[in-house]
$ cat model-v8.cif   # mmCIF, C-alpha atoms
data_coords
loop_
_atom_site.label_atom_id
_atom_site.label_comp_id
_atom_site.auth_asym_id
_atom_site.auth_seq_id
_atom_site.Cartn_x
_atom_site.Cartn_y
_atom_site.Cartn_z
CA MET J 199 21.21 -24.96 1.37
CA LYS J 200 19.93 -24.30 4.88
CA ALA J 201 23.03 -25.92 6.42
CA MET J 202 25.24 -23.70 4.23
CA LYS J 203 23.42 -20.62 5.51
CA ILE J 204 23.86 -21.67 9.15
CA LEU J 205 27.55 -22.44 8.51
CA GLY J 206 28.00 -19.02 6.92
CA VAL J 207 26.39 -17.27 9.89
CA ILE J 208 28.65 -19.22 12.29
CA ALA J 209 31.72 -18.33 10.21
CA ALA J 210 30.80 -14.63 10.18
CA ALA J 211 30.22 -14.71 13.95
CA VAL J 212 33.63 -16.33 14.50
CA ILE J 213 35.37 -13.73 12.32
CA PHE J 214 33.62 -10.90 14.21
CA LEU J 215 34.53 -12.43 17.58
CA PHE J 216 38.13 -12.76 16.41
CA VAL J 217 38.18 -9.07 15.48
CA VAL J 218 36.66 -8.11 18.84
CA LEU J 219 39.22 -10.14 20.79
CA GLN J 220 42.06 -8.70 18.71
CA ALA J 221 41.02 -5.07 19.25
CA ARG J 222 43.02 -3.14 21.82
CA ILE J 223 40.28 -1.15 23.51
CA ASP J 224 42.59 0.39 26.09
CA LEU J 225 44.53 2.21 23.38
CA VAL J 226 45.18 5.76 24.59
CA PHE J 227 44.77 8.64 22.17
CA PRO J 228 47.25 11.53 22.25
CA GLU J 229 46.12 14.42 24.43
CA GLY J 230 45.21 17.39 22.27
CA LEU J 231 42.16 19.01 23.81
CA GLU J 232 44.04 21.88 25.42
CA GLU J 233 45.94 22.70 22.23
CA ILE J 234 42.76 22.64 20.14
CA ILE J 235 40.88 24.94 22.55
CA GLU J 236 43.82 27.34 22.80
CA ARG J 237 44.21 27.42 19.03
CA THR J 238 40.55 28.05 18.20
CA ASN J 239 39.50 30.01 21.33
CA ILE J 240 35.97 28.48 21.42
CA PRO J 241 34.59 26.17 24.17
CA ASN J 242 33.03 23.45 22.00
CA ALA J 243 35.90 21.12 21.08
CA VAL J 244 33.88 19.10 18.54
CA THR J 245 32.99 22.20 16.51
CA ALA J 246 36.59 23.35 16.81
CA ILE J 247 37.75 20.07 15.28
CA TYR J 248 35.31 19.76 12.41
CA LEU J 249 35.41 23.44 11.39
CA GLU J 250 39.07 24.22 12.04
CA THR J 251 41.54 21.38 12.44
CA ARG J 252 39.74 18.86 10.19
CA LEU J 253 38.18 21.34 7.77
CA TYR J 254 38.90 19.20 4.69
CA ASP J 255 36.60 16.47 6.07
CA THR J 256 33.76 18.93 6.43
CA ILE J 257 34.09 20.42 2.98
CA PHE J 258 34.07 16.99 1.31
CA GLU J 259 31.10 16.05 3.46
CA VAL J 260 29.22 19.13 2.18
CA ILE J 261 30.17 18.15 -1.38
CA VAL J 262 28.87 14.58 -0.86
CA PHE J 263 25.62 15.94 0.58
CA SER J 264 25.11 18.30 -2.39
CA ILE J 265 25.83 15.52 -4.88
CA THR J 266 23.30 13.27 -3.12
CA ALA J 267 20.62 15.97 -3.26
CA LEU J 268 21.40 16.47 -6.96
CA GLY J 269 21.40 12.71 -7.61
CA VAL J 270 18.07 12.14 -5.86
CA THR J 271 16.41 14.97 -7.83
CA THR J 272 17.89 13.80 -11.13
CA LEU J 273 17.05 10.12 -10.65
CA PHE J 274 13.51 10.93 -9.52
CA SER J 275 12.79 13.31 -12.41
CA SER J 276 11.98 10.40 -14.76
CA LEU J 277 9.41 8.82 -12.38
CA PRO J 278 5.70 9.82 -12.35
CA ARG J 279 4.42 12.10 -9.55
CA SER J 280 1.62 11.09 -7.19
CA ALA J 281 -1.68 12.98 -7.38
CA GLU J 282 -1.69 16.21 -5.31
CA GLY J 283 -5.27 15.84 -4.07
CA SER J 284 -4.78 12.47 -2.38
CA GLN J 285 -3.50 13.97 0.90
CA GLN J 286 -5.81 13.80 3.92
CA VAL J 287 -5.72 16.82 6.25
CA PHE J 288 -6.98 16.94 9.85
CA GLY J 289 -7.79 20.26 11.50
CA SER J 290 -6.19 19.97 14.93
CA VAL J 291 -3.04 18.31 13.60
CA THR J 292 -2.62 21.24 11.19
CA VAL J 293 -2.62 23.72 14.10
CA TYR J 294 -0.15 21.64 16.15
CA SER J 295 2.22 21.06 13.24
CA GLY J 296 2.27 24.81 12.46
CA GLY J 297 3.30 25.48 16.06
CA LEU J 298 5.92 22.72 15.85
CA ALA J 299 7.33 24.27 12.68
CA ALA J 300 7.63 27.66 14.43
CA LEU J 301 9.34 25.97 17.41
CA SER J 302 11.76 24.17 15.11
CA VAL J 303 12.72 27.50 13.48
CA THR J 304 13.51 28.90 16.95
CA LEU J 305 15.48 25.79 17.89
CA PHE J 306 17.35 25.96 14.57
CA LEU J 307 18.43 29.54 15.27
CA TYR J 308 19.52 28.65 18.84
CA VAL J 309 21.44 25.50 17.86
CA VAL J 310 23.16 27.17 14.90
CA LEU J 311 24.03 30.51 16.53
CA GLU J 312 25.33 28.89 19.74
CA GLY J 313 26.91 25.91 17.97
CA HIS J 314 30.44 26.96 18.95
CA ILE J 315 29.79 27.56 22.67
CA SER J 316 27.21 24.85 23.49
CA PRO J 317 26.25 21.45 22.00
CA GLY J 318 25.02 21.90 18.46
CA GLY J 319 26.25 23.00 15.08
CA GLY J 320 25.28 23.42 11.48
CA PHE J 321 24.43 19.81 10.63
CA VAL J 322 22.24 19.33 13.72
CA GLY J 323 20.46 22.65 13.16
CA GLY J 324 19.71 21.89 9.53
CA VAL J 325 18.25 18.49 10.42
CA VAL J 326 16.13 20.07 13.20
CA LEU J 327 14.63 22.64 10.81
CA ALA J 328 14.08 20.07 8.04
CA THR J 329 12.31 17.70 10.47
CA GLY J 330 9.96 20.48 11.63
CA ILE J 331 9.10 21.63 8.11
CA VAL J 332 8.67 18.06 6.78
CA THR J 333 6.30 17.29 9.69
CA TYR J 334 4.35 20.43 8.79
CA GLY J 335 4.21 19.43 5.13
CA LEU J 336 3.16 15.85 5.86
CA THR J 337 0.44 16.61 8.40
CA SER J 338 -1.09 19.87 7.20
CA ASN J 339 -0.74 20.61 3.52
CA PHE J 340 2.06 19.53 1.28
CA ALA J 341 1.22 21.93 -1.56
CA LYS J 342 1.34 24.83 0.92
CA ALA J 343 4.73 23.71 2.27
CA ASN J 344 6.02 23.45 -1.31
CA SER J 345 4.80 26.97 -2.04
CA HIS J 346 6.84 28.17 0.98
CA TYR J 347 9.86 26.45 -0.59
CA ASP J 348 9.29 28.41 -3.81
CA ARG J 349 8.42 31.73 -2.13
CA PHE J 350 11.49 31.93 0.10
CA LYS J 351 13.72 31.04 -2.90
CA ILE J 352 15.34 28.20 -0.94
CA LYS J 353 16.89 26.71 -4.08
CA ILE J 354 18.84 29.92 -4.68
CA MET J 355 19.70 30.13 -0.96
CA GLU J 356 21.06 26.56 -1.03
CA ASN J 357 23.35 27.18 -4.00
CA ALA J 358 24.44 30.60 -2.71
CA SER J 359 25.28 29.13 0.71
CA LEU J 360 27.30 26.37 -0.97
CA LEU J 361 29.29 28.98 -2.92
CA ILE J 362 29.89 31.10 0.21
CA ILE J 363 30.94 27.97 2.17
CA PHE J 364 33.50 27.17 -0.55
CA SER J 365 34.87 30.72 -0.59
CA LEU J 366 35.10 30.98 3.22
CA VAL J 367 36.75 27.55 3.49
CA SER J 368 39.30 28.45 0.81
CA PHE J 369 39.97 31.70 2.71
CA ILE J 370 40.64 29.70 5.90
CA VAL J 371 42.81 27.19 4.04
CA PHE J 372 44.89 29.75 2.13
CA PHE J 373 45.21 32.41 4.87
CA PRO J 374 45.49 30.48 8.16
CA GLU J 375 47.34 33.32 9.94
CA THR J 376 44.57 35.84 9.24
CA HIS J 377 41.96 33.41 10.53
CA ALA J 378 44.05 32.64 13.61
CA ARG J 379 44.16 36.40 14.34
CA LEU J 380 40.36 36.57 13.89
CA LEU J 381 39.94 33.61 16.26
CA ALA J 382 42.20 35.14 18.90
CA SER J 383 40.43 38.52 18.81
CA GLY J 384 37.08 37.12 20.06
CA GLU J 385 36.06 36.81 23.72
CA PHE J 386 36.16 33.16 24.93
CA GLY J 387 32.60 31.88 25.39
CA GLU J 388 30.75 34.78 23.70
CA VAL J 389 28.31 34.36 20.79
CA LEU J 390 30.24 36.86 18.67
CA SER J 391 33.56 35.01 18.76
CA GLY J 392 35.25 32.20 16.91
CA GLY J 393 36.06 34.07 13.69
CA LEU J 394 34.32 32.54 10.69
CA ILE J 395 33.09 29.42 12.55
CA PRO J 396 29.57 30.75 13.44
CA VAL J 397 29.12 32.01 9.86
CA LEU J 398 30.09 28.58 8.52
CA ASN J 399 27.68 26.98 11.00
CA ILE J 400 24.77 29.14 9.77
CA LEU J 401 25.55 28.46 6.12
CA ILE J 402 25.94 24.69 6.67
CA GLY J 403 22.62 24.74 8.56
CA ILE J 404 20.83 26.40 5.63
CA LYS J 405 22.51 24.01 3.19
CA VAL J 406 21.58 20.88 5.15
CA TYR J 407 18.00 22.14 5.66
CA ALA J 408 17.52 22.88 1.96
CA GLY J 409 19.05 19.58 0.85
CA ALA J 410 17.11 17.45 3.35
CA TRP J 411 13.83 19.23 2.56
CA LYS J 412 14.40 18.85 -1.20
CA MET J 413 15.13 15.11 -0.86
CA SER J 414 12.15 14.47 1.44
CA SER J 415 9.79 16.41 -0.81
CA GLU J 416 10.94 14.32 -3.78
CA PHE J 417 10.27 11.15 -1.79
CA ILE J 418 6.81 12.40 -0.70
CA ASN J 419 5.91 13.52 -4.24
CA ARG J 420 6.53 9.98 -5.52
CA ARG J 421 5.09 7.99 -2.65
CA GLY J 422 3.16 5.70 -5.01
CA THR J 423 -0.11 4.24 -3.78
CA LEU J 424 0.17 5.47 -0.16
CA MET O 181 33.68 0.67 31.38
CA THR O 182 30.83 2.35 29.48
CA GLY O 183 33.00 2.44 26.39
CA ASN O 184 33.73 -1.30 26.55
CA ILE O 185 30.05 -2.28 26.89
CA ILE O 186 29.10 0.00 23.98
CA PHE O 187 31.97 -1.45 21.94
CA TYR O 188 30.71 -5.04 22.33
CA ILE O 189 27.06 -4.08 21.70
CA SER O 190 27.96 -2.17 18.54
CA VAL O 191 30.07 -5.04 17.20
CA ALA O 192 27.10 -7.37 17.79
CA GLY O 193 24.88 -4.90 15.92
CA MET O 194 27.31 -4.84 13.01
CA LEU O 195 27.25 -8.66 12.90
CA VAL O 196 23.43 -8.73 12.92
CA GLY O 197 23.23 -6.09 10.19
CA THR O 198 25.78 -7.82 7.97
CA ILE O 199 24.00 -11.18 8.27
CA GLY O 200 20.69 -9.46 7.49
CA MET O 201 22.19 -7.75 4.45
CA THR O 202 23.56 -11.01 3.02
CA LEU O 203 20.67 -13.36 3.84
CA SER O 204 17.47 -11.33 3.29
CA ARG O 205 15.75 -11.56 -0.10
CA ASN O 206 13.88 -8.26 0.10
CA ILE O 207 15.57 -5.04 -1.04
CA ILE O 208 13.92 -2.90 1.67
CA LYS O 209 15.09 -5.36 4.35
CA LYS O 210 18.61 -5.17 2.91
CA ILE O 211 18.52 -1.35 3.15
CA LEU O 212 17.21 -1.55 6.73
CA SER O 213 20.09 -3.91 7.62
CA LEU O 214 22.50 -1.41 6.10
CA GLY O 215 20.94 1.20 8.40
CA ILE O 216 21.54 -1.09 11.39
CA VAL O 217 25.22 -1.45 10.43
CA GLU O 218 25.60 2.33 10.04
CA THR O 219 23.97 3.02 13.41
CA SER O 220 26.20 0.41 15.06
CA ILE O 221 29.30 2.08 13.61
CA ASN O 222 28.12 5.47 14.92
CA THR O 223 27.58 3.87 18.35
CA LEU O 224 31.05 2.30 18.18
CA TYR O 225 32.66 5.70 17.61
CA THR O 226 30.64 7.23 20.45
CA GLY O 227 31.84 4.37 22.68
CA ILE O 228 35.45 4.95 21.64
CA SER O 229 35.16 8.64 22.54
CA SER O 230 33.61 7.87 25.96
CA ARG O 231 36.23 5.39 27.19
CA LYS O 232 37.95 7.84 29.50
CA SER O 233 34.91 9.86 30.58
CA ILE O 234 31.38 10.72 29.50
CA ILE O 235 31.52 14.47 30.22
CA PRO O 236 30.87 16.29 26.90
CA PRO O 237 33.91 18.22 25.62
CA ILE O 238 32.50 21.74 26.15
CA VAL O 239 35.40 23.36 28.01
CA ASN O 240 34.91 26.25 30.48
CA GLY O 241 38.62 26.94 30.77
CA ASP O 242 39.10 24.13 33.30
CA PHE O 243 41.30 21.40 31.85
CA SER O 244 41.62 19.32 35.04
CA ILE O 245 38.30 17.49 34.36
CA ALA O 246 38.56 14.35 32.20
CA TYR O 247 36.48 15.14 29.11
CA ALA O 248 35.26 12.70 26.47
CA ASP O 249 37.51 12.46 23.42
CA PRO O 250 36.20 14.99 20.84
CA VAL O 251 38.04 13.58 17.79
CA PRO O 252 35.85 10.45 17.20
CA GLN O 253 32.73 12.57 17.74
CA ALA O 254 33.85 15.10 15.12
CA VAL O 255 34.75 12.28 12.72
CA ILE O 256 31.40 10.56 13.11
CA ILE O 257 29.51 13.77 12.18
CA THR O 258 30.91 13.16 8.69
CA GLY O 259 29.92 9.50 8.91
CA ILE O 260 26.31 10.29 9.87
CA VAL O 261 25.81 12.59 6.88
CA ILE O 262 27.43 10.08 4.50
CA SER O 263 25.23 7.24 5.81
CA PHE O 264 22.14 9.45 5.40
CA ALA O 265 23.15 10.16 1.80
CA LEU O 266 23.79 6.46 1.14
CA LEU O 267 20.37 5.47 2.55
CA CYS O 268 18.64 8.15 0.43
CA LEU O 269 20.32 7.03 -2.80
CA SER O 270 19.69 3.33 -2.17
CA LEU O 271 16.00 4.04 -1.44
CA VAL O 272 15.76 5.96 -4.74
CA PHE O 273 17.22 2.97 -6.59
CA ALA O 274 14.78 0.67 -4.77
CA ILE O 275 11.85 2.82 -5.92
CA ILE O 276 13.17 2.80 -9.51
CA ILE O 277 13.55 -1.02 -9.43
CA TYR O 278 10.03 -1.39 -7.99
CA ASN O 279 8.55 0.82 -10.72
CA LYS O 280 10.22 -1.34 -13.37
CA TYR O 281 9.68 -4.89 -12.05
CA HIS O 282 6.78 -4.39 -9.55
CA THR O 283 8.46 -6.54 -6.90
CA MET O 284 11.06 -6.18 -4.13
CA ASP O 285 12.21 -9.82 -4.17
CA ILE O 286 15.72 -10.13 -5.62
CA GLY O 287 15.12 -13.65 -7.01
CA THR O 288 12.14 -12.50 -9.09
CA ILE O 289 14.00 -9.39 -10.20
CA GLU O 290 16.99 -11.49 -11.35
CA SER O 291 14.84 -13.98 -13.27
CA ASN O 292 12.89 -11.11 -14.91
CA PHE O 293 16.16 -9.44 -15.86
CA GLU O 294 17.53 -12.67 -17.36
CA ARG O 295 14.32 -13.15 -19.36
CA GLU O 296 14.56 -9.57 -20.65
CA LYS O 297 18.15 -10.13 -21.78
CA GLU O 298 17.19 -13.18 -23.83
#
$ encode --input "model-v8.cif" --output "structure tokens"
Amino acid sequence: MKAMKILGVIAAAVIFLFVVLQARIDLVFPEGLEEIIERTNIPNAVTAIYLETRLYDTIFEVIVFSITALGVTTLFSSLPRSAEGSQQVFGSVTVYSGGLAALSVTLFLYVVLEGHISPGGGFVGGVVLATGIVTYGLTSNFAKANSHYDRFKIKIMENASLLIIFSLVSFIVFFPETHARLLASGEFGEVLSGGLIPVLNILIGIKVYAGAWKMSSEFINRRGTL
Amino acid sequence: MTGNIIFYISVAGMLVGTIGMTLSRNIIKKILSLGIVETSINTLYTGISSRKSIIPPIVNGDFSIAYADPVPQAVIITGIVISFALLCLSLVFAIIIYNKYHTMDIGTIESNFEREKE
């Protein structure tokens, strides 16, 4: 049995080495950076690709993310919740995590609003905000963080942002000339440019934040004996 | 040069993750190995995009500089979110299996399942 395992590992290593030696690493991709930048009129080429030239990828990605959030909530709904009072809270950590949450909100706004002219974007911003809020919930008070989730109506915001993302994306897909005119009218390198791309970035940020926070809160609510 | 080194390291990571996924008996270790494979694939795409240059593709109107290729970076944004979703769902299934059989060992789970079927 042990010899079979070792033989299998050697066989897998040989197959991988074969693949590595076969790969042509010096393959040159077609030059398209100049065309993409001229077409979208925004400096960040990565944002230009995933929100303009490869928009279908992004929309299916958002759909997969929503379905995962839905699936995690649905699958977890049959499992028992952990007791609310079992969380230990330390005073100084509470103060620091509140400050960190405020900082992460600021960073979220910066990353999302400047996602088309500097490194960043909707997905990164959403993960930044979710990390800050989950740290706050874990270290200070989880019931309080959950009450924030209910008070700001984040569930409604998540679904509304998904609907608006779908409508804006279908607008871009069905009326590409109108969006191209919108893109060309903005000043290159300004915050208020890029047509619908900053709006899509903000909405994707809210969507990713709400989905990630919902999934993490489900995991923390059913943490078992921890 | 940087791209080639990253390429070989990421392929080695994929090999390690695949072997871990097939040989480990614990479900959590299997999921961790899956995470290693996903991270290696993300690194591979980053290496592919940085073969020509490592300057990030934020253009100031000057196209004479050799920028990193933006297409693999934009593609891997999709891949990161999908791998995150996959990890979340597999962890949920691991928790459900643990609540039912009270173990993470696949041999015990299989024998318990066979006994239940009979």
$ resolve_selection --input "model-v8.cif" --expression "the PyMOL selection byres ((chain J) within 6 of (chain O))" --output "mmCIF file with C-alpha atoms, in the coordinates of the input"
data_model
loop_
_atom_site.group_PDB
_atom_site.id
_atom_site.type_symbol
_atom_site.label_atom_id
_atom_site.label_comp_id
_atom_site.auth_asym_id
_atom_site.auth_seq_id
_atom_site.Cartn_x
_atom_site.Cartn_y
_atom_site.Cartn_z
ATOM 1 C CA PRO J 241 34.590 26.170 24.170
ATOM 2 C CA ASN J 242 33.030 23.450 22.000
ATOM 3 C CA ALA J 243 35.900 21.120 21.080
ATOM 4 C CA VAL J 244 33.880 19.100 18.540
ATOM 5 C CA TYR J 248 35.310 19.760 12.410
ATOM 6 C CA GLU J 259 31.100 16.050 3.460
ATOM 7 C CA THR J 266 23.300 13.270 -3.120
#
$ closest_residue --input "model-v8.cif" --among "J:Val287, J:Ile331, J:Ile257, J:Ala300" --to "Ile370 (chain J)" --atoms "only C-alpha atoms"
J:Ile257
$ atom_distance --input "model-v8.cif" --atom1 "CA of Asn239 (chain J)" --atom2 "CA of Ser391 (chain J)"
8.2 Å
$ resolve_selection --input "model-v8.cif" --expression "the PyMOL selection byres ((chain O and resi 219) around 12)" --output "VMD selection string"
chain O and resid 189 to 194 196 to 197 212 to 218 220 to 226 256 259 to 264 267
$ axis_aligned_box --input "model-v8.cif" --around "region 224-236 of chain O" --padding-each-side "6 Å" --output "lines of an AutoDock Vina configuration file"
center_x = 34.3
center_y = 9.3
center_z = 24.1
size_x = 19.3
size_y = 26.0
size_z = 25.0
$ resolve_selection --input "model-v8.cif" --expression "the PyMOL selection byres ((chain J and resi 267) around 10)" --output "ChimeraX atom specification"
/J:261-266,268-272,406,408-414,416 /O:265,268-269
$ write_last_selection --input "model-v8.cif" --atoms "C-alpha atoms" --output "compact mmCIF listing (two decimals), in the coordinates of the input"
# COMPACT_ATOMS: atom_id res chain seq x y z
CA ILE J 261 30.17 18.15 -1.38
CA VAL J 262 28.87 14.58 -0.86
CA PHE J 263 25.62 15.94 0.58
CA SER J 264 25.11 18.30 -2.39
CA ILE J 265 25.83 15.52 -4.88
CA THR J 266 23.30 13.27 -3.12
CA LEU J 268 21.40 16.47 -6.96
CA GLY J 269 21.40 12.71 -7.61
CA VAL J 270 18.07 12.14 -5.86
CA THR J 271 16.41 14.97 -7.83
CA THR J 272 17.89 13.80 -11.13
CA VAL J 406 21.58 20.88 5.15
CA ALA J 408 17.52 22.88 1.96
CA GLY J 409 19.05 19.58 0.85
CA ALA J 410 17.11 17.45 3.35
CA TRP J 411 13.83 19.23 2.56
CA LYS J 412 14.40 18.85 -1.20
CA MET J 413 15.13 15.11 -0.86
CA SER J 414 12.15 14.47 1.44
CA GLU J 416 10.94 14.32 -3.78
CA ALA O 265 23.15 10.16 1.80
CA CYS O 268 18.64 8.15 0.43
CA LEU O 269 20.32 7.03 -2.80
$ atom_distance --input "model-v8.cif" --atom1 "CA of Val310 (chain J)" --atom2 "CA of Ile234 (chain O)"
23.5 Å
$ build_atoms --input "model-v8.cif" --residues "region 276-286 of chain O" --atoms "all heavy atoms" --output "JSON list (two decimals), keeping the file's coordinate frame"
[["chain", "number", "residue", "atom", "x", "y", "z"],
["O", 276, "ILE", "N", 13.05, 2.95, -8.05],
["O", 276, "ILE", "CA", 13.17, 2.80, -9.51],
["O", 276, "ILE", "C", 13.01, 1.33, -9.89],
["O", 276, "ILE", "O", 12.28, 0.99, -10.84],
["O", 276, "ILE", "CB", 14.52, 3.37, -9.99],
["O", 276, "ILE", "CG1", 14.52, 4.88, -9.87],
["O", 276, "ILE", "CG2", 14.79, 2.96, -11.43],
["O", 276, "ILE", "CD1", 15.84, 5.52, -10.17],
["O", 277, "ILE", "N", 13.65, 0.42, -9.14],
["O", 277, "ILE", "CA", 13.55, -1.02, -9.43],
["O", 277, "ILE", "C", 12.11, -1.48, -9.26],
["O", 277, "ILE", "O", 11.57, -2.24, -10.07],
["O", 277, "ILE", "CB", 14.50, -1.80, -8.50],
["O", 277, "ILE", "CG1", 15.94, -1.61, -8.95],
["O", 277, "ILE", "CG2", 14.17, -3.29, -8.52],
["O", 277, "ILE", "CD1", 16.94, -2.16, -7.98],
["O", 278, "TYR", "N", 11.43, -0.97, -8.21],
["O", 278, "TYR", "CA", 10.03, -1.39, -7.99],
["O", 278, "TYR", "C", 9.14, -0.92, -9.13],
["O", 278, "TYR", "O", 8.26, -1.65, -9.59],
["O", 278, "TYR", "CB", 9.52, -0.83, -6.66],
["O", 278, "TYR", "CG", 8.15, -1.32, -6.34],
["O", 278, "TYR", "CD1", 7.97, -2.60, -5.81],
["O", 278, "TYR", "CD2", 7.02, -0.55, -6.62],
["O", 278, "TYR", "CE1", 6.71, -3.08, -5.55],
["O", 278, "TYR", "CE2", 5.76, -1.03, -6.35],
["O", 278, "TYR", "CZ", 5.62, -2.29, -5.82],
["O", 278, "TYR", "OH", 4.37, -2.78, -5.57],
["O", 279, "ASN", "N", 9.38, 0.32, -9.61],
["O", 279, "ASN", "CA", 8.55, 0.82, -10.72],
["O", 279, "ASN", "C", 8.76, 0.01, -11.98],
["O", 279, "ASN", "O", 7.86, -0.09, -12.81],
["O", 279, "ASN", "CB", 8.87, 2.29, -10.99],
["O", 279, "ASN", "CG", 8.06, 3.20, -10.10],
["O", 279, "ASN", "OD1", 7.24, 2.72, -9.33],
["O", 279, "ASN", "ND2", 8.29, 4.49, -10.19],
["O", 280, "LYS", "N", 9.95, -0.59, -12.14],
["O", 280, "LYS", "CA", 10.22, -1.34, -13.37],
["O", 280, "LYS", "C", 9.74, -2.77, -13.27],
["O", 280, "LYS", "O", 9.13, -3.29, -14.21],
["O", 280, "LYS", "CB", 11.73, -1.30, -13.65],
["O", 280, "LYS", "CG", 12.06, -1.79, -15.04],
["O", 280, "LYS", "CD", 13.48, -1.46, -15.43],
["O", 280, "LYS", "CE", 13.74, -1.95, -16.85],
["O", 280, "LYS", "NZ", 15.17, -1.92, -17.15],
["O", 281, "TYR", "N", 9.98, -3.45, -12.14],
["O", 281, "TYR", "CA", 9.68, -4.89, -12.05],
["O", 281, "TYR", "C", 8.48, -5.21, -11.16],
["O", 281, "TYR", "O", 8.07, -6.37, -11.09],
["O", 281, "TYR", "CB", 10.91, -5.64, -11.53],
["O", 281, "TYR", "CG", 12.08, -5.58, -12.47],
["O", 281, "TYR", "CD1", 13.20, -4.81, -12.18],
["O", 281, "TYR", "CD2", 12.07, -6.30, -13.66],
["O", 281, "TYR", "CE1", 14.26, -4.75, -13.04],
["O", 281, "TYR", "CE2", 13.14, -6.24, -14.53],
["O", 281, "TYR", "CZ", 14.23, -5.46, -14.21],
["O", 281, "TYR", "OH", 15.28, -5.40, -15.08],
["O", 282, "HIS", "N", 7.95, -4.22, -10.42],
["O", 282, "HIS", "CA", 6.78, -4.39, -9.55],
["O", 282, "HIS", "C", 6.98, -5.48, -8.50],
["O", 282, "HIS", "O", 6.06, -6.20, -8.15],
["O", 282, "HIS", "CB", 5.52, -4.67, -10.37],
["O", 282, "HIS", "CG", 5.20, -3.53, -11.28],
["O", 282, "HIS", "ND1", 4.66, -2.35, -10.81],
["O", 282, "HIS", "CD2", 5.38, -3.38, -12.60],
["O", 282, "HIS", "CE1", 4.52, -1.52, -11.82],
["O", 282, "HIS", "NE2", 4.95, -2.11, -12.91],
["O", 283, "THR", "N", 8.20, -5.62, -8.01],
["O", 283, "THR", "CA", 8.46, -6.54, -6.90],
["O", 283, "THR", "C", 9.71, -6.06, -6.16],
["O", 283, "THR", "O", 10.50, -5.29, -6.70],
["O", 283, "THR", "CB", 8.65, -7.97, -7.39],
["O", 283, "THR", "OG1", 8.98, -8.78, -6.28],
["O", 283, "THR", "CG2", 9.76, -8.06, -8.42],
["O", 284, "MET", "N", 9.86, -6.51, -4.89],
["O", 284, "MET", "CA", 11.06, -6.18, -4.13],
["O", 284, "MET", "C", 11.92, -7.41, -3.89],
["O", 284, "MET", "O", 12.93, -7.33, -3.21],
["O", 284, "MET", "CB", 10.66, -5.57, -2.77],
["O", 284, "MET", "CG", 10.28, -4.11, -2.86],
["O", 284, "MET", "SD", 11.71, -3.10, -3.18],
["O", 284, "MET", "CE", 10.96, -1.49, -3.23],
["O", 285, "ASP", "N", 11.48, -8.57, -4.41],
["O", 285, "ASP", "CA", 12.21, -9.82, -4.17],
["O", 285, "ASP", "C", 13.35, -9.95, -5.18],
["O", 285, "ASP", "O", 13.12, -9.86, -6.40],
["O", 285, "ASP", "CB", 11.25, -11.00, -4.31],
["O", 285, "ASP", "CG", 11.93, -12.29, -3.93],
["O", 285, "ASP", "OD1", 12.26, -12.46, -2.75],
["O", 285, "ASP", "OD2", 12.15, -13.12, -4.83],
["O", 286, "ILE", "N", 14.59, -10.17, -4.70],
["O", 286, "ILE", "CA", 15.72, -10.13, -5.62],
["O", 286, "ILE", "C", 15.72, -11.34, -6.56],
["O", 286, "ILE", "O", 16.19, -11.23, -7.70],
["O", 286, "ILE", "CB", 17.08, -10.01, -4.89],
["O", 286, "ILE", "CG1", 17.18, -10.99, -3.75],
["O", 286, "ILE", "CG2", 17.35, -8.61, -4.45],
["O", 286, "ILE", "CD1", 18.58, -11.14, -3.27]]
